[in-house]
Amino acid sequence: MNDTPAHAPEAEIAQVDDPIRLFETWFEEARKKEPNDAEAMSLATVDDKGMPDVRMVLLKGVDRNGFVFYTNFESAKGQELLGQPKAALCFHWKSLRRQIRVRGDVSVVTDAEADAYFASRPKDSQIGAWASRQSRALRGRFELEKEVARFAAKYALGKVPRPPHWSGFRIAPLQIEFWRDRPFRLHDRLVYRRASPSEQWTTERLFP
């Protein structure tokens with residue numbers, strides 16, 4: 001970020017009782033103003049050796065129970081989350097000069113939730129979920145195209161069922177930090193914390 005302000009600074013982040021409500025307000029603003037993929041978020045996990053990993057995924061749902069995304073459970077992130085069910089997220093909306101960081105425990109969504117979301121996807125994406133052995137070695141593009149053709153033929157008629165290895169994860173937040181750019185790197189930071197999802201949130205402001 002530049003040290004000199006590009007525009008008049010916004011007011012201090014307003015503290016509310018429920019950080020999910022504040023997230024939803026910021027998210028709606030980002031969906032209106034961010035040029036591409038306001039729902040994009042970095043997802044950080046660790047493997048069984050404690051080595052961290054991070055990649056971009058898309059938020060597919062948020063409510064008071066947590067943040068939801070979908071993936072292949074046989075992928076690297078799927079295996080890491082099943083083995084170490086804790087994760088961190090980061091949303092960065094450059095056009096708004098804001099970011100939100102989330103840390104929490106991870107659980108698998110229900111079969112009903114996964115079925116409903118999978119059914120809402122375009123058929124080509126459904127076929128891709130069957131065809132891709134995500135995160136594993138690919139000998140060449142033809143190998144993938146052959147698998148896509150195989151499953152496209154198999155499910156040419158009727159609905160495509162959800163693969164048994166494809167579902168979603170929910171991150172139940174234990175910490176949510178809201179960050180807003182301020183002039184001269186004196187950024188505004190408001191953090192919410194709780195020890196478990198059943199407890200009340202506490203808040204504090206942090207030095208930039």
# chains A, B, ... in the order shown; residues from 1 in each chain; ligands from 1

$ residues_around --residues "A:Ala87" --least-positions-apart "2" --cutoff "12 Å" --atoms "only C-alpha atoms" --output "PDB file with N, CA and C atoms, in the first residue's frame"
ATOM      1  N   SER A  42      -8.245 -16.609   0.275  1.00  0.00           N
ATOM      2  CA  SER A  42      -7.118 -17.519   0.458  1.00  0.00           C
ATOM      3  C   SER A  42      -7.458 -18.458   1.612  1.00  0.00           C
ATOM      4  N   LEU A  43      -7.114 -19.715   1.439  1.00  0.00           N
ATOM      5  CA  LEU A  43      -7.378 -20.756   2.435  1.00  0.00           C
ATOM      6  C   LEU A  43      -6.044 -21.350   2.871  1.00  0.00           C
ATOM      7  N   ALA A  44      -5.736 -21.234   4.145  1.00  0.00           N
ATOM      8  CA  ALA A  44      -4.487 -21.763   4.684  1.00  0.00           C
ATOM      9  C   ALA A  44      -4.764 -23.012   5.519  1.00  0.00           C
ATOM     10  N   THR A  45      -3.972 -24.048   5.268  1.00  0.00           N
ATOM     11  CA  THR A  45      -4.072 -25.321   5.976  1.00  0.00           C
ATOM     12  C   THR A  45      -2.676 -25.785   6.346  1.00  0.00           C
ATOM     13  N   VAL A  46      -2.581 -26.887   7.090  1.00  0.00           N
ATOM     14  CA  VAL A  46      -1.288 -27.516   7.359  1.00  0.00           C
ATOM     15  C   VAL A  46      -1.395 -29.003   7.070  1.00  0.00           C
ATOM     16  N   ASP A  47      -0.281 -29.612   6.644  1.00  0.00           N
ATOM     17  CA  ASP A  47      -0.302 -31.045   6.376  1.00  0.00           C
ATOM     18  C   ASP A  47       0.082 -31.823   7.632  1.00  0.00           C
ATOM     19  N   PRO A  52       2.773 -25.572   6.308  1.00  0.00           N
ATOM     20  CA  PRO A  52       1.610 -24.803   5.871  1.00  0.00           C
ATOM     21  C   PRO A  52       1.436 -24.826   4.364  1.00  0.00           C
ATOM     22  N   ASP A  53       0.202 -24.589   3.943  1.00  0.00           N
ATOM     23  CA  ASP A  53      -0.151 -24.561   2.538  1.00  0.00           C
ATOM     24  C   ASP A  53      -1.235 -23.501   2.367  1.00  0.00           C
ATOM     25  N   VAL A  54      -1.293 -22.848   1.216  1.00  0.00           N
ATOM     26  CA  VAL A  54      -2.308 -21.830   0.996  1.00  0.00           C
ATOM     27  C   VAL A  54      -2.665 -21.790  -0.483  1.00  0.00           C
ATOM     28  N   ARG A  55      -3.934 -21.487  -0.768  1.00  0.00           N
ATOM     29  CA  ARG A  55      -4.426 -21.385  -2.138  1.00  0.00           C
ATOM     30  C   ARG A  55      -5.722 -20.575  -2.124  1.00  0.00           C
ATOM     31  N   GLY A  66     -20.754 -20.364  10.041  1.00  0.00           N
ATOM     32  CA  GLY A  66     -19.421 -20.331   9.467  1.00  0.00           C
ATOM     33  C   GLY A  66     -19.397 -20.068   7.974  1.00  0.00           C
ATOM     34  N   PHE A  67     -18.202 -20.263   7.418  1.00  0.00           N
ATOM     35  CA  PHE A  67     -17.893 -19.977   6.019  1.00  0.00           C
ATOM     36  C   PHE A  67     -17.738 -21.303   5.270  1.00  0.00           C
ATOM     37  N   VAL A  68     -18.417 -21.455   4.130  1.00  0.00           N
ATOM     38  CA  VAL A  68     -18.490 -22.736   3.433  1.00  0.00           C
ATOM     39  C   VAL A  68     -17.852 -22.647   2.047  1.00  0.00           C
ATOM     40  N   LYS A  77      -5.805 -30.024  -0.290  1.00  0.00           N
ATOM     41  CA  LYS A  77      -6.493 -29.277   0.770  1.00  0.00           C
ATOM     42  C   LYS A  77      -7.519 -30.138   1.483  1.00  0.00           C
ATOM     43  N   GLY A  78      -8.191 -31.023   0.712  1.00  0.00           N
ATOM     44  CA  GLY A  78      -9.151 -31.914   1.339  1.00  0.00           C
ATOM     45  C   GLY A  78      -8.501 -32.841   2.345  1.00  0.00           C
ATOM     46  N   GLU A  80      -5.622 -32.395   3.848  1.00  0.00           N
ATOM     47  CA  GLU A  80      -5.074 -31.623   4.977  1.00  0.00           C
ATOM     48  C   GLU A  80      -6.163 -31.234   5.966  1.00  0.00           C
ATOM     49  N   LEU A  81      -7.309 -30.843   5.465  1.00  0.00           N
ATOM     50  CA  LEU A  81      -8.389 -30.444   6.363  1.00  0.00           C
ATOM     51  C   LEU A  81      -9.018 -31.628   7.086  1.00  0.00           C
ATOM     52  N   LEU A  82      -9.093 -32.768   6.419  1.00  0.00           N
ATOM     53  CA  LEU A  82      -9.608 -33.954   7.101  1.00  0.00           C
ATOM     54  C   LEU A  82      -8.645 -34.422   8.186  1.00  0.00           C
ATOM     55  N   GLY A  83      -7.346 -34.232   7.944  1.00  0.00           N
ATOM     56  CA  GLY A  83      -6.347 -34.654   8.930  1.00  0.00           C
ATOM     57  C   GLY A  83      -6.110 -33.652  10.031  1.00  0.00           C
ATOM     58  N   GLN A  84      -6.181 -32.369   9.707  1.00  0.00           N
ATOM     59  CA  GLN A  84      -5.961 -31.284  10.674  1.00  0.00           C
ATOM     60  C   GLN A  84      -7.109 -30.288  10.503  1.00  0.00           C
ATOM     61  N   PRO A  85      -8.237 -30.508  11.181  1.00  0.00           N
ATOM     62  CA  PRO A  85      -9.438 -29.726  10.897  1.00  0.00           C
ATOM     63  C   PRO A  85      -9.450 -28.321  11.505  1.00  0.00           C
ATOM     64  N   LEU A  89      -8.649 -18.143   6.766  1.00  0.00           N
ATOM     65  CA  LEU A  89      -9.096 -17.536   5.517  1.00  0.00           C
ATOM     66  C   LEU A  89      -8.653 -16.081   5.484  1.00  0.00           C
ATOM     67  N   CYS A  90      -8.491 -15.556   4.285  1.00  0.00           N
ATOM     68  CA  CYS A  90      -8.244 -14.121   4.125  1.00  0.00           C
ATOM     69  C   CYS A  90      -8.962 -13.623   2.880  1.00  0.00           C
ATOM     70  N   ARG A 101      -9.684 -11.334   7.942  1.00  0.00           N
ATOM     71  CA  ARG A 101      -8.995 -12.580   8.249  1.00  0.00           C
ATOM     72  C   ARG A 101      -9.850 -13.402   9.211  1.00  0.00           C
ATOM     73  N   VAL A 102      -9.902 -14.710   8.960  1.00  0.00           N
ATOM     74  CA  VAL A 102     -10.735 -15.625   9.741  1.00  0.00           C
ATOM     75  C   VAL A 102      -9.894 -16.820  10.155  1.00  0.00           C
ATOM     76  N   ARG A 103     -10.038 -17.270  11.408  1.00  0.00           N
ATOM     77  CA  ARG A 103      -9.406 -18.503  11.880  1.00  0.00           C
ATOM     78  C   ARG A 103     -10.455 -19.314  12.620  1.00  0.00           C
ATOM     79  N   GLY A 104     -10.418 -20.658  12.454  1.00  0.00           N
ATOM     80  CA  GLY A 104     -11.410 -21.444  13.159  1.00  0.00           C
ATOM     81  C   GLY A 104     -11.299 -22.933  12.932  1.00  0.00           C
ATOM     82  N   ASP A 105     -12.246 -23.643  13.523  1.00  0.00           N
ATOM     83  CA  ASP A 105     -12.325 -25.095  13.404  1.00  0.00           C
ATOM     84  C   ASP A 105     -13.108 -25.467  12.142  1.00  0.00           C
ATOM     85  N   VAL A 106     -12.799 -26.635  11.608  1.00  0.00           N
ATOM     86  CA  VAL A 106     -13.371 -27.074  10.331  1.00  0.00           C
ATOM     87  C   VAL A 106     -14.222 -28.324  10.529  1.00  0.00           C
ATOM     88  N   SER A 107     -15.353 -28.356   9.847  1.00  0.00           N
ATOM     89  CA  SER A 107     -16.194 -29.553   9.829  1.00  0.00           C
ATOM     90  C   SER A 107     -16.709 -29.763   8.411  1.00  0.00           C
ATOM     91  N   PHE A 169     -16.639 -28.001   3.130  1.00  0.00           N
ATOM     92  CA  PHE A 169     -16.144 -27.753   4.482  1.00  0.00           C
ATOM     93  C   PHE A 169     -16.751 -26.463   5.010  1.00  0.00           C
ATOM     94  N   ARG A 170     -16.950 -26.433   6.311  1.00  0.00           N
ATOM     95  CA  ARG A 170     -17.413 -25.219   6.990  1.00  0.00           C
ATOM     96  C   ARG A 170     -16.371 -24.812   8.031  1.00  0.00           C
ATOM     97  N   ILE A 171     -15.913 -23.570   7.948  1.00  0.00           N
ATOM     98  CA  ILE A 171     -14.986 -23.042   8.948  1.00  0.00           C
ATOM     99  C   ILE A 171     -15.801 -22.257   9.962  1.00  0.00           C
ATOM    100  N   ALA A 172     -15.878 -22.770  11.201  1.00  0.00           N
ATOM    101  CA  ALA A 172     -16.592 -22.090  12.271  1.00  0.00           C
ATOM    102  C   ALA A 172     -15.626 -21.098  12.911  1.00  0.00           C
ATOM    103  N   PRO A 173     -15.840 -19.803  12.758  1.00  0.00           N
ATOM    104  CA  PRO A 173     -14.824 -18.834  13.169  1.00  0.00           C
ATOM    105  C   PRO A 173     -14.674 -18.708  14.682  1.00  0.00           C
ATOM    106  N   LEU A 174     -13.422 -18.688  15.114  1.00  0.00           N
ATOM    107  CA  LEU A 174     -13.077 -18.373  16.493  1.00  0.00           C
ATOM    108  C   LEU A 174     -12.408 -17.002  16.581  1.00  0.00           C
ATOM    109  N   GLN A 175     -11.964 -16.501  15.437  1.00  0.00           N
ATOM    110  CA  GLN A 175     -11.372 -15.167  15.374  1.00  0.00           C
ATOM    111  C   GLN A 175     -11.671 -14.561  13.999  1.00  0.00           C
TER     112      GLN A 175
END

$ select_by_dssp --residues "chain A" --states "alpha helix (DSSP H)" --output "PyMOL selection string"
chain A and resi 19-33+76-83+111-120+123-131+141-154

$ closest_atom_pairs --of "stretch 133-187 of chain A" --to "stretch 110-118 of chain A" --cutoff "10 Å" --atoms "only C-alpha atoms" --output "tab-separated table"
residue	atom	partner	partner_atom	distance
A:Val160	CA	A:Phe118	CA	9.0
A:Pro161	CA	A:Asp115	CA	8.3
A:Arg162	CA	A:Phe118	CA	6.3
A:Pro163	CA	A:Phe118	CA	9.3
A:Pro164	CA	A:Asp111	CA	9.8
A:Trp166	CA	A:Ala114	CA	8.1
A:Ser167	CA	A:Ala114	CA	5.3
A:Gly168	CA	A:Ala114	CA	6.2
A:Phe169	CA	A:Thr110	CA	9.2
A:Arg170	CA	A:Thr110	CA	9.8

$ closest_residue --among "A:Lys123, A:Arg193, A:Arg182, A:Arg133" --to "A:Ala156" --atoms "only C-alpha atoms"
A:Lys123

$ residues_around --residues "stretch 31-35 of chain A" --least-positions-apart "2" --cutoff "12 Å" --atoms "only C-alpha atoms" --output "PyMOL selection string"
chain A and resi 24-29+37-40+91-98

$ atom_distance --atom1 "atom CA of A:Leu144" --atom2 "atom CA of A:Lys60"
25.7 Å

$ closest_residue --among "A:Ala195, A:Leu190, A:Ile13, A:Leu59" --to "A:Phe207" --atoms "only C-alpha atoms"
A:Leu190

$ select_by_dssp --residues "stretch 1-168 of chain A" --states "strand (DSSP E)" --output "PyMOL selection string"
chain A and resi 40-46+52-58+61-63+66-72+86-93+98-108+166-168

$ closest_residue --among "A:Met51, A:Pro208, A:Leu138, A:Ile127" --to "A:Asp181" --atoms "only C-alpha atoms"
A:Pro208

$ atom_distance --atom1 "atom CA of A:Thr202" --atom2 "atom CA of A:Val109"
26.8 Å

$ closest_residue --among "A:Leu186, A:Leu157, A:Val108, A:Ala76" --to "A:Arg136" --atoms "only C-alpha atoms"
A:Ala76

$ atom_distance --atom1 "atom CA of A:Ile176" --atom2 "atom CA of A:Phe23"
9.0 Å

$ closest_residue --among "A:Met56, A:Trp179, A:Ser125, A:Arg64" --to "A:Ser198" --atoms "only C-alpha atoms"
A:Arg64

$ residues_around --residues "A:Ala14" --least-positions-apart "4" --cutoff "12 Å" --atoms "only C-alpha atoms" --output "number ranges by chain"
A: 10, 18-19, 21-23, 25-26, 178-180, 188-191, 203-205

$ closest_residue --among "A:Ala129, A:Ile100, A:Ala88, A:Ile20" --to "A:Gly61" --atoms "only C-alpha atoms"
A:Ile20
